[in-house]
Amino acid sequence: MDGLTPEATGIALIGCGYVADFYLATLPNHPELVLRGVYDRDEARARKLADHHGIRSYTSLDELLADDTVAVAVNLTNPHSHYEISRRCLEAGKHVYSEKPFAEELWQATELVEYAERHGLVLSSAPCSLLGETAETVRSALAGGLVGRPRLVYAELDDGAVHQMNFRDWTSPSGAPWPYADEFRVGPALEHAAYYLTWLTAFFGPACEVMSYAALLAPDKAPGLDPAELAPDFGCALIRFRSGVVARLTCGTVAPEDHSLRIVGDDGVLCVPDCWDYGAPVTVRERTEMSPETPHYLTAPHEVPLVRPADHPHRYDRHHGHVMDFARGIADLAQAVRTGTAPRLTARHALHVLEITLAVSGPTGVAHTVLQTTFDPT
């Protein structure tokens with residue numbers, strides 16, 4: 001395939017909505033990724049994005065899939081279309097990087113993973129924040145025993161009271177509106193829980209069961225949308241990992257914004273203020289004994305030096321605070337394709353994360369899920 005060379009990998013974006021600008025903004029960090037063009041079933045939307053960035057727009061999905069210079073298809077379509085589009089790309093012999101969730105049903109995701117494995121194709125999924133400097137720092141600190149044996153995790157993914165914000169006015173740099181109707185139908189857990197679930201499963205290995213509670217707290221968030229169509233906007237889950245670690249994850253769009261993480265070990269606590277900032281500081285509070293007769297107490301926090309494998313000047317800065325390199329996951333997949341190795345973000349890992357996410361984002365009420373999937377931690 002012409003799009004696959006030792007030096008560079010040809011890619012194409014499918015879906016020209018709100019998130020496409022953020023991928024395009026960070027592509028310059030990865031000169032080995034050569035953008036061949038973009039496609040959207042809405043011709044006007046594709047043309048608007050293409051004109052804004054000065055890039056090619058394909059006239060049809062068939063035209064894109066027939067382009068031999070494209071080795072990797074990047075699926076940025078609506079979540080309802082992820083399975084169908086990724087399946088068509090794989091059947092056309094393209095490697096696929098998909099936005100999350102890479103399918104809305106576990107059977108769909110399993111089918112995609114097995115198809116890719118049978119045909120020697122690489123399939124990977126967002127989020128790619130596991131490849132960020134902050135996640136690398138946490139992983140190194142845990143591996144080095146900085147806080148001793150980890151026991152408990154508190155992970156927060158609250159995005160603020162979105163229903164009280166001017167979400168109808170949100171647009172991407174090229175002018176694409178935030179797809180609030182789709183976002184509310186999919187729900188914050190299915191959209192965002194994977195940010196920390198990808199980290200936790202990478203750090204502690206596969207999970208084995210999930211106890212969750214979900215509720216729709218703001219059913220009137222968007223007049224004109226039937227509340228029966230809306231996903232829960234609050235979810236809380238207790239996740240037990242096979243390694244013995246227990247995590248409590250909250251995810252919603254009602255409480256004040258909080259993307260923090262605390263990992264409690266026998267000898268201290270690792271803290272991260274925001275998983276969406278790839279360079280967020282990592283701090284540790286170490287346990288100390290005042291005397292044999294008194295309880296442990298925690299020292300004042302001190303910062304763990306960040307692991308910085310490279311300088312990535314191009315970034316997406318959400319609300320001037322959450323710094324992400326969206327294209328890093330595509331680069332990870334492309335490197336795996338060029339070298340014939342597995343990506344760091346494997347399809348089996350994404351499948352396991354999706355099963356946990358589906359357990360967290362289920363219908364309102366209480367649920368208990370015994371997980372069936374697993375993966376080999378990298």
# chains A, B, ... in the order shown; residues from 1 in each chain; ligands from 1
>>> closest_atom_pairs(of="region 84-136 of chain A", to="region 187-201 of chain A", cutoff="8 Å", atoms="only C-alpha atoms", output="Markdown table")
| residue | atom | partner | partner_atom | distance |
| --- | --- | --- | --- | --- |
| A:Lys100 | CA | A:Glu191 | CA | 6.6 |
| A:Pro101 | CA | A:Leu190 | CA | 6.6 |
| A:Pro127 | CA | A:Tyr195 | CA | 6.0 |
| A:Ser129 | CA | A:Tyr195 | CA | 6.8 |
| A:Leu130 | CA | A:Trp199 | CA | 5.8 |
| A:Ala135 | CA | A:Trp199 | CA | 7.1 |
>>> write_last_selection(atoms="all heavy atoms", output="compact mmCIF listing (two decimals), in the first residue's frame")
# COMPACT_ATOMS: atom_id res chain seq x y z
N LYS A 100 -13.76 7.27 20.81
CA LYS A 100 -14.50 6.48 21.79
C LYS A 100 -15.99 6.84 21.74
O LYS A 100 -16.31 7.97 21.36
CB LYS A 100 -13.93 6.74 23.19
CG LYS A 100 -13.99 8.22 23.55
CD LYS A 100 -13.32 8.54 24.82
CE LYS A 100 -13.30 10.00 25.13
NZ LYS A 100 -13.77 10.97 24.18
N PRO A 101 -16.86 5.94 22.12
CA PRO A 101 -16.60 4.50 22.25
C PRO A 101 -16.48 3.88 20.87
O PRO A 101 -17.18 4.29 19.94
CB PRO A 101 -17.87 4.00 22.96
CG PRO A 101 -18.94 4.93 22.48
CD PRO A 101 -18.29 6.27 22.33
N PRO A 127 -9.56 6.93 24.32
CA PRO A 127 -8.65 8.07 24.42
C PRO A 127 -7.19 7.62 24.46
O PRO A 127 -6.89 6.49 24.84
CB PRO A 127 -9.05 8.72 25.74
CG PRO A 127 -9.49 7.56 26.59
CD PRO A 127 -10.18 6.62 25.63
N SER A 129 -4.84 9.39 26.22
CA SER A 129 -4.18 10.10 27.32
C SER A 129 -3.24 9.20 28.11
O SER A 129 -2.38 9.68 28.85
CB SER A 129 -5.21 10.73 28.26
OG SER A 129 -6.07 9.74 28.80
N LEU A 130 -3.38 7.88 27.96
CA LEU A 130 -2.44 6.96 28.59
C LEU A 130 -1.03 7.20 28.09
O LEU A 130 -0.05 6.89 28.78
CB LEU A 130 -2.86 5.51 28.32
CG LEU A 130 -1.98 4.41 28.90
CD1 LEU A 130 -1.99 4.45 30.43
CD2 LEU A 130 -2.42 3.03 28.41
N ALA A 135 0.41 10.40 32.69
CA ALA A 135 0.15 8.96 32.88
C ALA A 135 1.46 8.19 32.98
O ALA A 135 1.58 7.25 33.79
CB ALA A 135 -0.69 8.42 31.73
>>> residues_around(residues="Ile85 (chain A)", least_positions_apart="5", cutoff="9 Å", atoms="only C-alpha atoms", output="JSON, numbers by chain")
{"A": [14, 75, 77, 90]}
>>> write_last_selection(atoms="N, CA, C and O atoms", output="short mmCIF file (atom, residue, chain, number, x, y, z; two decimals), in the first residue's frame")
data_model
loop_
_atom_site.label_atom_id
_atom_site.label_comp_id
_atom_site.auth_asym_id
_atom_site.auth_seq_id
_atom_site.Cartn_x
_atom_site.Cartn_y
_atom_site.Cartn_z
N ILE A 14 -12.49 10.47 8.85
CA ILE A 14 -13.89 10.26 8.48
C ILE A 14 -14.75 10.87 9.58
O ILE A 14 -14.71 10.42 10.74
N ASN A 75 -11.69 7.25 12.52
CA ASN A 75 -13.14 7.30 12.59
C ASN A 75 -13.59 8.31 13.65
O ASN A 75 -13.54 8.03 14.85
N THR A 77 -16.71 9.82 13.48
CA THR A 77 -18.14 9.99 13.23
C THR A 77 -18.92 9.96 14.55
O THR A 77 -18.36 9.76 15.63
N LEU A 90 -12.24 -1.58 7.84
CA LEU A 90 -11.48 -2.82 7.99
C LEU A 90 -11.69 -3.73 6.79
O LEU A 90 -10.74 -4.36 6.30
#
>>> residues_around(residues="region 249-252 of chain A", least_positions_apart="5", cutoff="6 Å", atoms="only C-alpha atoms", output="MDAnalysis selection string")
chainID A and resid 155:158 188:189 233:237
>>> select_by_dssp(residues="region 149-252 of chain A", states="helix (DSSP H, G or I)", output="VMD selection string")
chain A and resid 162 to 164 167 to 169 180 to 186 188 to 192 194 to 204 227 to 229
>>> write_last_selection(atoms="N, CA, C and O atoms", output="short mmCIF file (atom, residue, chain, number, x, y, z; two decimals), in the first residue's frame")
data_model
loop_
_atom_site.label_atom_id
_atom_site.label_comp_id
_atom_site.auth_asym_id
_atom_site.auth_seq_id
_atom_site.Cartn_x
_atom_site.Cartn_y
_atom_site.Cartn_z
N VAL A 162 -23.42 21.16 32.80
CA VAL A 162 -23.53 21.45 31.38
C VAL A 162 -24.92 21.98 31.02
O VAL A 162 -25.06 22.87 30.17
N HIS A 163 -25.94 21.47 31.70
CA HIS A 163 -27.31 21.90 31.38
C HIS A 163 -27.54 23.37 31.71
O HIS A 163 -28.52 23.96 31.22
N GLN A 164 -26.65 24.00 32.49
CA GLN A 164 -26.77 25.41 32.83
C GLN A 164 -25.81 26.29 32.02
O GLN A 164 -25.73 27.49 32.25
N PHE A 167 -24.37 25.75 25.95
CA PHE A 167 -23.83 24.70 25.09
C PHE A 167 -24.28 24.83 23.64
O PHE A 167 -23.63 24.32 22.74
N ARG A 168 -25.41 25.48 23.41
CA ARG A 168 -25.87 25.66 22.02
C ARG A 168 -24.96 26.58 21.23
O ARG A 168 -24.99 26.60 20.00
N ASP A 169 -24.15 27.36 21.92
CA ASP A 169 -23.26 28.32 21.25
C ASP A 169 -21.85 27.78 21.07
O ASP A 169 -21.01 28.46 20.48
N TYR A 180 -24.81 18.67 20.85
CA TYR A 180 -25.34 18.44 22.19
C TYR A 180 -26.41 17.35 22.22
O TYR A 180 -26.51 16.58 23.19
N ALA A 181 -27.23 17.27 21.19
CA ALA A 181 -28.28 16.24 21.19
C ALA A 181 -27.66 14.84 21.23
O ALA A 181 -28.10 13.97 22.00
N ASP A 182 -26.64 14.63 20.42
CA ASP A 182 -25.96 13.34 20.42
C ASP A 182 -25.25 13.09 21.75
O ASP A 182 -25.26 11.98 22.28
N GLU A 183 -24.61 14.15 22.28
CA GLU A 183 -23.89 14.01 23.54
C GLU A 183 -24.84 13.61 24.67
O GLU A 183 -24.52 12.76 25.51
N PHE A 184 -26.00 14.23 24.70
CA PHE A 184 -26.96 13.93 25.77
C PHE A 184 -27.56 12.54 25.61
O PHE A 184 -27.92 11.89 26.60
N ARG A 185 -27.69 12.09 24.37
CA ARG A 185 -28.24 10.74 24.15
C ARG A 185 -27.21 9.66 24.50
O ARG A 185 -27.57 8.58 24.95
N VAL A 186 -25.94 9.95 24.28
CA VAL A 186 -24.88 8.98 24.57
C VAL A 186 -24.54 8.99 26.06
O VAL A 186 -24.37 7.94 26.68
N PRO A 188 -22.42 11.13 29.55
CA PRO A 188 -21.03 11.42 29.91
C PRO A 188 -20.19 10.19 30.22
O PRO A 188 -18.99 10.20 30.00
N ALA A 189 -20.80 9.13 30.74
CA ALA A 189 -20.00 7.95 31.07
C ALA A 189 -19.46 7.29 29.82
O ALA A 189 -18.26 6.97 29.73
N LEU A 190 -20.31 7.09 28.83
CA LEU A 190 -19.86 6.46 27.59
C LEU A 190 -18.88 7.36 26.85
O LEU A 190 -18.00 6.88 26.11
N GLU A 191 -19.03 8.67 27.01
CA GLU A 191 -18.13 9.61 26.35
C GLU A 191 -16.80 9.76 27.08
O GLU A 191 -15.75 9.92 26.44
N HIS A 192 -16.81 9.72 28.43
CA HIS A 192 -15.61 10.15 29.16
C HIS A 192 -15.03 9.14 30.13
O HIS A 192 -13.86 9.29 30.52
N ALA A 194 -13.77 6.36 29.86
CA ALA A 194 -12.58 5.66 29.38
C ALA A 194 -11.29 6.42 29.67
O ALA A 194 -10.21 5.82 29.68
N TYR A 195 -11.38 7.73 29.90
CA TYR A 195 -10.15 8.47 30.20
C TYR A 195 -9.43 7.88 31.41
O TYR A 195 -8.22 7.66 31.38
N TYR A 196 -10.17 7.62 32.49
CA TYR A 196 -9.52 7.02 33.65
C TYR A 196 -9.54 5.50 33.61
O TYR A 196 -8.65 4.84 34.14
N LEU A 197 -10.54 4.90 32.99
CA LEU A 197 -10.57 3.44 32.93
C LEU A 197 -9.39 2.89 32.14
O LEU A 197 -8.85 1.83 32.47
N THR A 198 -8.96 3.61 31.09
CA THR A 198 -7.78 3.18 30.34
C THR A 198 -6.54 3.24 31.22
O THR A 198 -5.70 2.32 31.20
N TRP A 199 -6.43 4.31 32.01
CA TRP A 199 -5.30 4.41 32.93
C TRP A 199 -5.31 3.28 33.96
O TRP A 199 -4.31 2.59 34.15
N LEU A 200 -6.44 3.11 34.62
CA LEU A 200 -6.49 2.18 35.75
C LEU A 200 -6.25 0.74 35.32
O LEU A 200 -5.58 -0.02 36.01
N THR A 201 -6.81 0.37 34.17
CA THR A 201 -6.58 -0.99 33.69
C THR A 201 -5.14 -1.18 33.24
O THR A 201 -4.57 -2.28 33.38
N ALA A 202 -4.52 -0.12 32.72
CA ALA A 202 -3.10 -0.21 32.35
C ALA A 202 -2.22 -0.32 33.59
O ALA A 202 -1.23 -1.06 33.61
N PHE A 203 -2.59 0.40 34.65
CA PHE A 203 -1.78 0.39 35.88
C PHE A 203 -1.98 -0.89 36.70
O PHE A 203 -1.02 -1.43 37.25
N PHE A 204 -3.23 -1.35 36.80
CA PHE A 204 -3.57 -2.42 37.76
C PHE A 204 -4.03 -3.71 37.09
O PHE A 204 -4.32 -4.68 37.79
N PRO A 227 -36.95 13.29 27.23
CA PRO A 227 -36.12 12.73 28.30
C PRO A 227 -35.92 11.23 28.18
O PRO A 227 -34.90 10.70 28.64
N ALA A 228 -36.87 10.55 27.57
CA ALA A 228 -36.73 9.10 27.40
C ALA A 228 -35.56 8.75 26.48
O ALA A 228 -35.06 7.62 26.51
N GLU A 229 -35.13 9.72 25.66
CA GLU A 229 -34.00 9.48 24.76
C GLU A 229 -32.66 9.72 25.43
O GLU A 229 -31.61 9.32 24.89
#
>>> residues_around(residues="Leu345 (chain A)", least_positions_apart="2", cutoff="9 Å", atoms="only C-alpha atoms", output="PyMOL selection string")
chain A and resi 123-128+130-131+198+329+332-333+342-343+347-350+378
>>> write_last_selection(atoms="all heavy atoms", output="compact mmCIF listing (two decimals), in the first residue's frame")
# COMPACT_ATOMS: atom_id res chain seq x y z
N LEU A 123 -6.24 -2.24 14.95
CA LEU A 123 -7.40 -1.48 15.41
C LEU A 123 -7.07 -0.90 16.77
O LEU A 123 -6.57 -1.59 17.65
CB LEU A 123 -8.62 -2.39 15.51
CG LEU A 123 -9.89 -1.83 16.16
CD1 LEU A 123 -10.48 -0.70 15.33
CD2 LEU A 123 -10.92 -2.94 16.36
N SER A 124 -7.34 0.40 16.94
CA SER A 124 -7.06 1.05 18.21
C SER A 124 -8.12 2.10 18.46
O SER A 124 -8.86 2.50 17.55
CB SER A 124 -5.66 1.69 18.18
OG SER A 124 -5.30 2.17 19.46
N SER A 125 -8.22 2.54 19.71
CA SER A 125 -9.30 3.44 20.07
C SER A 125 -8.83 4.52 21.03
O SER A 125 -7.94 4.29 21.87
CB SER A 125 -10.45 2.64 20.71
OG SER A 125 -11.46 3.50 21.22
N ALA A 126 -9.44 5.69 20.90
CA ALA A 126 -9.28 6.75 21.89
C ALA A 126 -9.92 6.29 23.20
O ALA A 126 -10.75 5.38 23.20
CB ALA A 126 -9.93 8.03 21.37
N PRO A 127 -9.56 6.93 24.32
CA PRO A 127 -8.65 8.07 24.42
C PRO A 127 -7.19 7.62 24.46
O PRO A 127 -6.89 6.49 24.84
CB PRO A 127 -9.05 8.72 25.74
CG PRO A 127 -9.49 7.56 26.59
CD PRO A 127 -10.18 6.62 25.63
N CYS A 128 -6.31 8.55 24.09
CA CYS A 128 -4.88 8.22 24.08
C CYS A 128 -4.13 8.91 25.21
O CYS A 128 -2.90 8.98 25.18
CB CYS A 128 -4.27 8.58 22.73
SG CYS A 128 -4.29 10.34 22.31
N LEU A 130 -3.38 7.88 27.96
CA LEU A 130 -2.44 6.96 28.59
C LEU A 130 -1.03 7.20 28.09
O LEU A 130 -0.05 6.89 28.78
CB LEU A 130 -2.86 5.51 28.32
CG LEU A 130 -1.98 4.41 28.90
CD1 LEU A 130 -1.99 4.45 30.43
CD2 LEU A 130 -2.42 3.03 28.41
N LEU A 131 -0.89 7.76 26.88
CA LEU A 131 0.41 8.02 26.29
C LEU A 131 0.97 9.37 26.70
O LEU A 131 2.05 9.76 26.25
CB LEU A 131 0.30 7.97 24.75
CG LEU A 131 -0.35 6.71 24.16
CD1 LEU A 131 -0.40 6.80 22.65
CD2 LEU A 131 0.39 5.46 24.62
N THR A 198 -8.96 3.61 31.09
CA THR A 198 -7.78 3.18 30.34
C THR A 198 -6.54 3.24 31.22
O THR A 198 -5.70 2.32 31.20
CB THR A 198 -7.60 4.06 29.10
OG1 THR A 198 -8.77 3.97 28.27
CG2 THR A 198 -6.40 3.60 28.28
N GLY A 329 -2.55 9.06 19.69
CA GLY A 329 -3.02 7.69 19.52
C GLY A 329 -2.90 7.20 18.09
O GLY A 329 -2.58 6.03 17.84
N ASP A 332 0.68 6.32 17.56
CA ASP A 332 0.98 5.03 18.20
C ASP A 332 0.57 3.89 17.28
O ASP A 332 1.33 2.93 17.08
CB ASP A 332 0.24 4.96 19.53
CG ASP A 332 0.33 3.60 20.19
OD1 ASP A 332 1.46 3.15 20.49
OD2 ASP A 332 -0.74 2.98 20.43
N LEU A 333 -0.63 3.97 16.71
CA LEU A 333 -1.10 2.94 15.79
C LEU A 333 -0.22 2.88 14.55
O LEU A 333 0.17 1.80 14.09
CB LEU A 333 -2.56 3.20 15.41
CG LEU A 333 -3.24 2.18 14.49
CD1 LEU A 333 -4.74 2.13 14.77
CD2 LEU A 333 -3.03 2.53 13.01
N ALA A 342 2.75 -4.54 18.14
CA ALA A 342 1.45 -4.15 18.69
C ALA A 342 1.50 -2.70 19.16
O ALA A 342 2.52 -2.24 19.67
CB ALA A 342 1.08 -5.06 19.86
N PRO A 343 0.41 -1.96 19.01
CA PRO A 343 0.37 -0.61 19.55
C PRO A 343 0.30 -0.66 21.07
O PRO A 343 -0.05 -1.69 21.66
CB PRO A 343 -0.91 -0.02 18.95
CG PRO A 343 -1.79 -1.22 18.77
CD PRO A 343 -0.86 -2.35 18.38
N ALA A 347 -6.31 -3.25 20.81
CA ALA A 347 -7.74 -3.43 20.63
C ALA A 347 -8.35 -4.22 21.79
O ALA A 347 -9.48 -3.93 22.23
CB ALA A 347 -8.01 -4.13 19.31
N ARG A 348 -7.63 -5.21 22.30
CA ARG A 348 -8.17 -6.01 23.41
C ARG A 348 -8.27 -5.17 24.68
O ARG A 348 -9.20 -5.35 25.47
CB ARG A 348 -7.27 -7.23 23.65
CG ARG A 348 -7.38 -8.30 22.57
CD ARG A 348 -8.69 -9.06 22.69
NE ARG A 348 -8.90 -9.97 21.56
CZ ARG A 348 -9.96 -10.75 21.42
NH1 ARG A 348 -10.93 -10.74 22.36
NH2 ARG A 348 -10.11 -11.52 20.38
N HIS A 349 -7.34 -4.27 24.87
CA HIS A 349 -7.41 -3.35 26.01
C HIS A 349 -8.64 -2.45 25.86
O HIS A 349 -9.42 -2.27 26.80
CB HIS A 349 -6.14 -2.51 26.08
CG HIS A 349 -6.03 -1.66 27.30
ND1 HIS A 349 -4.98 -0.80 27.53
CD2 HIS A 349 -6.84 -1.53 28.39
CE1 HIS A 349 -5.15 -0.19 28.69
NE2 HIS A 349 -6.26 -0.61 29.23
N ALA A 350 -8.83 -1.89 24.65
CA ALA A 350 -9.99 -1.03 24.40
C ALA A 350 -11.29 -1.78 24.59
O ALA A 350 -12.28 -1.23 25.10
CB ALA A 350 -9.91 -0.45 22.99
N THR A 378 0.32 -4.10 28.87
CA THR A 378 1.63 -3.82 28.26
C THR A 378 2.55 -3.26 29.31
O THR A 378 2.12 -2.68 30.30
CB THR A 378 1.48 -2.80 27.12
OG1 THR A 378 0.86 -1.61 27.63
CG2 THR A 378 0.64 -3.36 26.00
>>> residues_around(residues="Ala92 (chain A)", least_positions_apart="6", cutoff="12 Å", atoms="only C-alpha atoms", output="PyMOL selection string")
chain A and resi 1+61-68+70-73+85-86+115-116+119+121
>>> residues_around(residues="region 282-287 of chain A", least_positions_apart="4", cutoff="6 Å", atoms="only C-alpha atoms", output="list of chain:residue names")
A:Asp267, A:Gly268, A:Val269, A:Leu270, A:Cys271, A:Val272, A:Tyr297, A:Leu298, A:Thr299, A:Pro301, A:His302, A:Glu303, A:Val304
>>> write_last_selection(atoms="N, CA and C atoms", output="PDB file, in the first residue's frame")
ATOM      1  N   ASP A 267       2.012   3.258  51.554  1.00  0.00           N
ATOM      2  CA  ASP A 267       3.029   4.207  52.003  1.00  0.00           C
ATOM      3  C   ASP A 267       2.755   5.647  51.574  1.00  0.00           C
ATOM      4  N   GLY A 268       1.594   5.911  50.951  1.00  0.00           N
ATOM      5  CA  GLY A 268       1.318   7.275  50.530  1.00  0.00           C
ATOM      6  C   GLY A 268       0.198   7.341  49.514  1.00  0.00           C
ATOM      7  N   VAL A 269       0.000   8.546  48.977  1.00  0.00           N
ATOM      8  CA  VAL A 269      -1.082   8.800  48.023  1.00  0.00           C
ATOM      9  C   VAL A 269      -0.522   9.558  46.827  1.00  0.00           C
ATOM     10  N   LEU A 270      -0.778   9.043  45.623  1.00  0.00           N
ATOM     11  CA  LEU A 270      -0.458   9.745  44.385  1.00  0.00           C
ATOM     12  C   LEU A 270      -1.673  10.551  43.949  1.00  0.00           C
ATOM     13  N   CYS A 271      -1.448  11.805  43.544  1.00  0.00           N
ATOM     14  CA  CYS A 271      -2.554  12.690  43.157  1.00  0.00           C
ATOM     15  C   CYS A 271      -2.291  13.326  41.801  1.00  0.00           C
ATOM     16  N   VAL A 272      -3.338  13.379  40.990  1.00  0.00           N
ATOM     17  CA  VAL A 272      -3.304  14.037  39.690  1.00  0.00           C
ATOM     18  C   VAL A 272      -4.495  14.985  39.625  1.00  0.00           C
ATOM     19  N   TYR A 297       0.424   9.705  59.624  1.00  0.00           N
ATOM     20  CA  TYR A 297      -0.117  10.917  59.044  1.00  0.00           C
ATOM     21  C   TYR A 297       0.593  11.162  57.716  1.00  0.00           C
ATOM     22  N   LEU A 298       0.050  12.058  56.895  1.00  0.00           N
ATOM     23  CA  LEU A 298       0.597  12.310  55.570  1.00  0.00           C
ATOM     24  C   LEU A 298       1.409  13.589  55.569  1.00  0.00           C
ATOM     25  N   THR A 299       2.550  13.554  54.947  1.00  0.00           N
ATOM     26  CA  THR A 299       3.388  14.735  54.824  1.00  0.00           C
ATOM     27  C   THR A 299       2.760  15.731  53.849  1.00  0.00           C
ATOM     28  N   PRO A 301       2.384  17.563  50.403  1.00  0.00           N
ATOM     29  CA  PRO A 301       2.633  16.969  49.083  1.00  0.00           C
ATOM     30  C   PRO A 301       3.890  17.534  48.427  1.00  0.00           C
ATOM     31  N   HIS A 302       4.591  16.692  47.700  1.00  0.00           N
ATOM     32  CA  HIS A 302       5.692  17.170  46.860  1.00  0.00           C
ATOM     33  C   HIS A 302       5.529  16.565  45.478  1.00  0.00           C
ATOM     34  N   GLU A 303       6.041  17.277  44.505  1.00  0.00           N
ATOM     35  CA  GLU A 303       5.784  16.913  43.105  1.00  0.00           C
ATOM     36  C   GLU A 303       6.762  15.853  42.636  1.00  0.00           C
ATOM     37  N   VAL A 304       6.227  14.902  41.850  1.00  0.00           N
ATOM     38  CA  VAL A 304       7.053  13.892  41.200  1.00  0.00           C
ATOM     39  C   VAL A 304       7.459  14.444  39.838  1.00  0.00           C
TER      40      VAL A 304
END
>>> decode(residues="region 141-162 of chain A", atoms="N, CA and C atoms", output="JSON list (two decimals), in the first residue's frame")
[["chain", "number", "residue", "atom", "x", "y", "z"],
["A", 141, "ALA", "N", 5.88, 5.94, 38.89],
["A", 141, "ALA", "CA", 5.83, 6.04, 40.35],
["A", 141, "ALA", "C", 5.30, 4.76, 40.97],
["A", 142, "LEU", "N", 4.26, 4.19, 40.38],
["A", 142, "LEU", "CA", 3.70, 2.94, 40.89],
["A", 142, "LEU", "C", 4.69, 1.79, 40.74],
["A", 143, "ALA", "N", 5.32, 1.72, 39.57],
["A", 143, "ALA", "CA", 6.28, 0.64, 39.33],
["A", 143, "ALA", "C", 7.47, 0.74, 40.27],
["A", 144, "GLY", "N", 7.82, 1.98, 40.65],
["A", 144, "GLY", "CA", 8.94, 2.17, 41.55],
["A", 144, "GLY", "C", 8.58, 2.05, 43.02],
["A", 145, "GLY", "N", 7.32, 1.74, 43.30],
["A", 145, "GLY", "CA", 6.89, 1.55, 44.68],
["A", 145, "GLY", "C", 6.85, 2.81, 45.51],
["A", 146, "LEU", "N", 6.64, 3.95, 44.86],
["A", 146, "LEU", "CA", 6.70, 5.23, 45.56],
["A", 146, "LEU", "C", 5.67, 5.33, 46.68],
["A", 147, "VAL", "N", 4.48, 4.74, 46.49],
["A", 147, "VAL", "CA", 3.46, 4.79, 47.54],
["A", 147, "VAL", "C", 3.17, 3.39, 48.10],
["A", 148, "GLY", "N", 4.08, 2.47, 47.87],
["A", 148, "GLY", "CA", 3.87, 1.12, 48.36],
["A", 148, "GLY", "C", 2.80, 0.39, 47.55],
["A", 149, "ARG", "N", 2.22, -0.61, 48.16],
["A", 149, "ARG", "CA", 1.19, -1.39, 47.47],
["A", 149, "ARG", "C", -0.08, -0.56, 47.32],
["A", 150, "PRO", "N", -0.58, -0.36, 46.08],
["A", 150, "PRO", "CA", -1.83, 0.39, 45.90],
["A", 150, "PRO", "C", -3.03, -0.43, 46.36],
["A", 151, "ARG", "N", -3.97, 0.25, 47.02],
["A", 151, "ARG", "CA", -5.15, -0.43, 47.57],
["A", 151, "ARG", "C", -6.46, 0.14, 47.02],
["A", 152, "LEU", "N", -6.50, 1.47, 46.89],
["A", 152, "LEU", "CA", -7.77, 2.15, 46.63],
["A", 152, "LEU", "C", -7.54, 3.32, 45.68],
["A", 153, "VAL", "N", -8.53, 3.56, 44.80],
["A", 153, "VAL", "CA", -8.46, 4.67, 43.85],
["A", 153, "VAL", "C", -9.75, 5.46, 43.89],
["A", 154, "TYR", "N", -9.63, 6.79, 43.90],
["A", 154, "TYR", "CA", -10.78, 7.68, 43.70],
["A", 154, "TYR", "C", -10.53, 8.43, 42.40],
["A", 155, "ALA", "N", -11.42, 8.25, 41.43],
["A", 155, "ALA", "CA", -11.28, 8.90, 40.12],
["A", 155, "ALA", "C", -12.53, 9.71, 39.83],
["A", 156, "GLU", "N", -12.34, 10.98, 39.50],
["A", 156, "GLU", "CA", -13.46, 11.90, 39.27],
["A", 156, "GLU", "C", -13.48, 12.34, 37.81],
["A", 157, "LEU", "N", -14.66, 12.31, 37.20],
["A", 157, "LEU", "CA", -14.82, 12.80, 35.83],
["A", 157, "LEU", "C", -16.13, 13.59, 35.73],
["A", 158, "ASP", "N", -16.23, 14.62, 36.54],
["A", 158, "ASP", "CA", -17.38, 15.53, 36.48],
["A", 158, "ASP", "C", -17.03, 16.72, 35.59],
["A", 159, "ASP", "N", -17.95, 17.10, 34.74],
["A", 159, "ASP", "CA", -17.70, 18.15, 33.74],
["A", 159, "ASP", "C", -18.42, 19.45, 34.01],
["A", 160, "GLY", "N", -18.95, 19.62, 35.20],
["A", 160, "GLY", "CA", -19.69, 20.84, 35.49],
["A", 160, "GLY", "C", -21.15, 20.71, 35.07],
["A", 161, "ALA", "N", -21.94, 21.71, 35.46],
["A", 161, "ALA", "CA", -23.38, 21.68, 35.17],
["A", 161, "ALA", "C", -23.63, 22.09, 33.72],
["A", 162, "VAL", "N", -23.42, 21.16, 32.80],
["A", 162, "VAL", "CA", -23.53, 21.45, 31.38],
["A", 162, "VAL", "C", -24.92, 21.98, 31.02]]
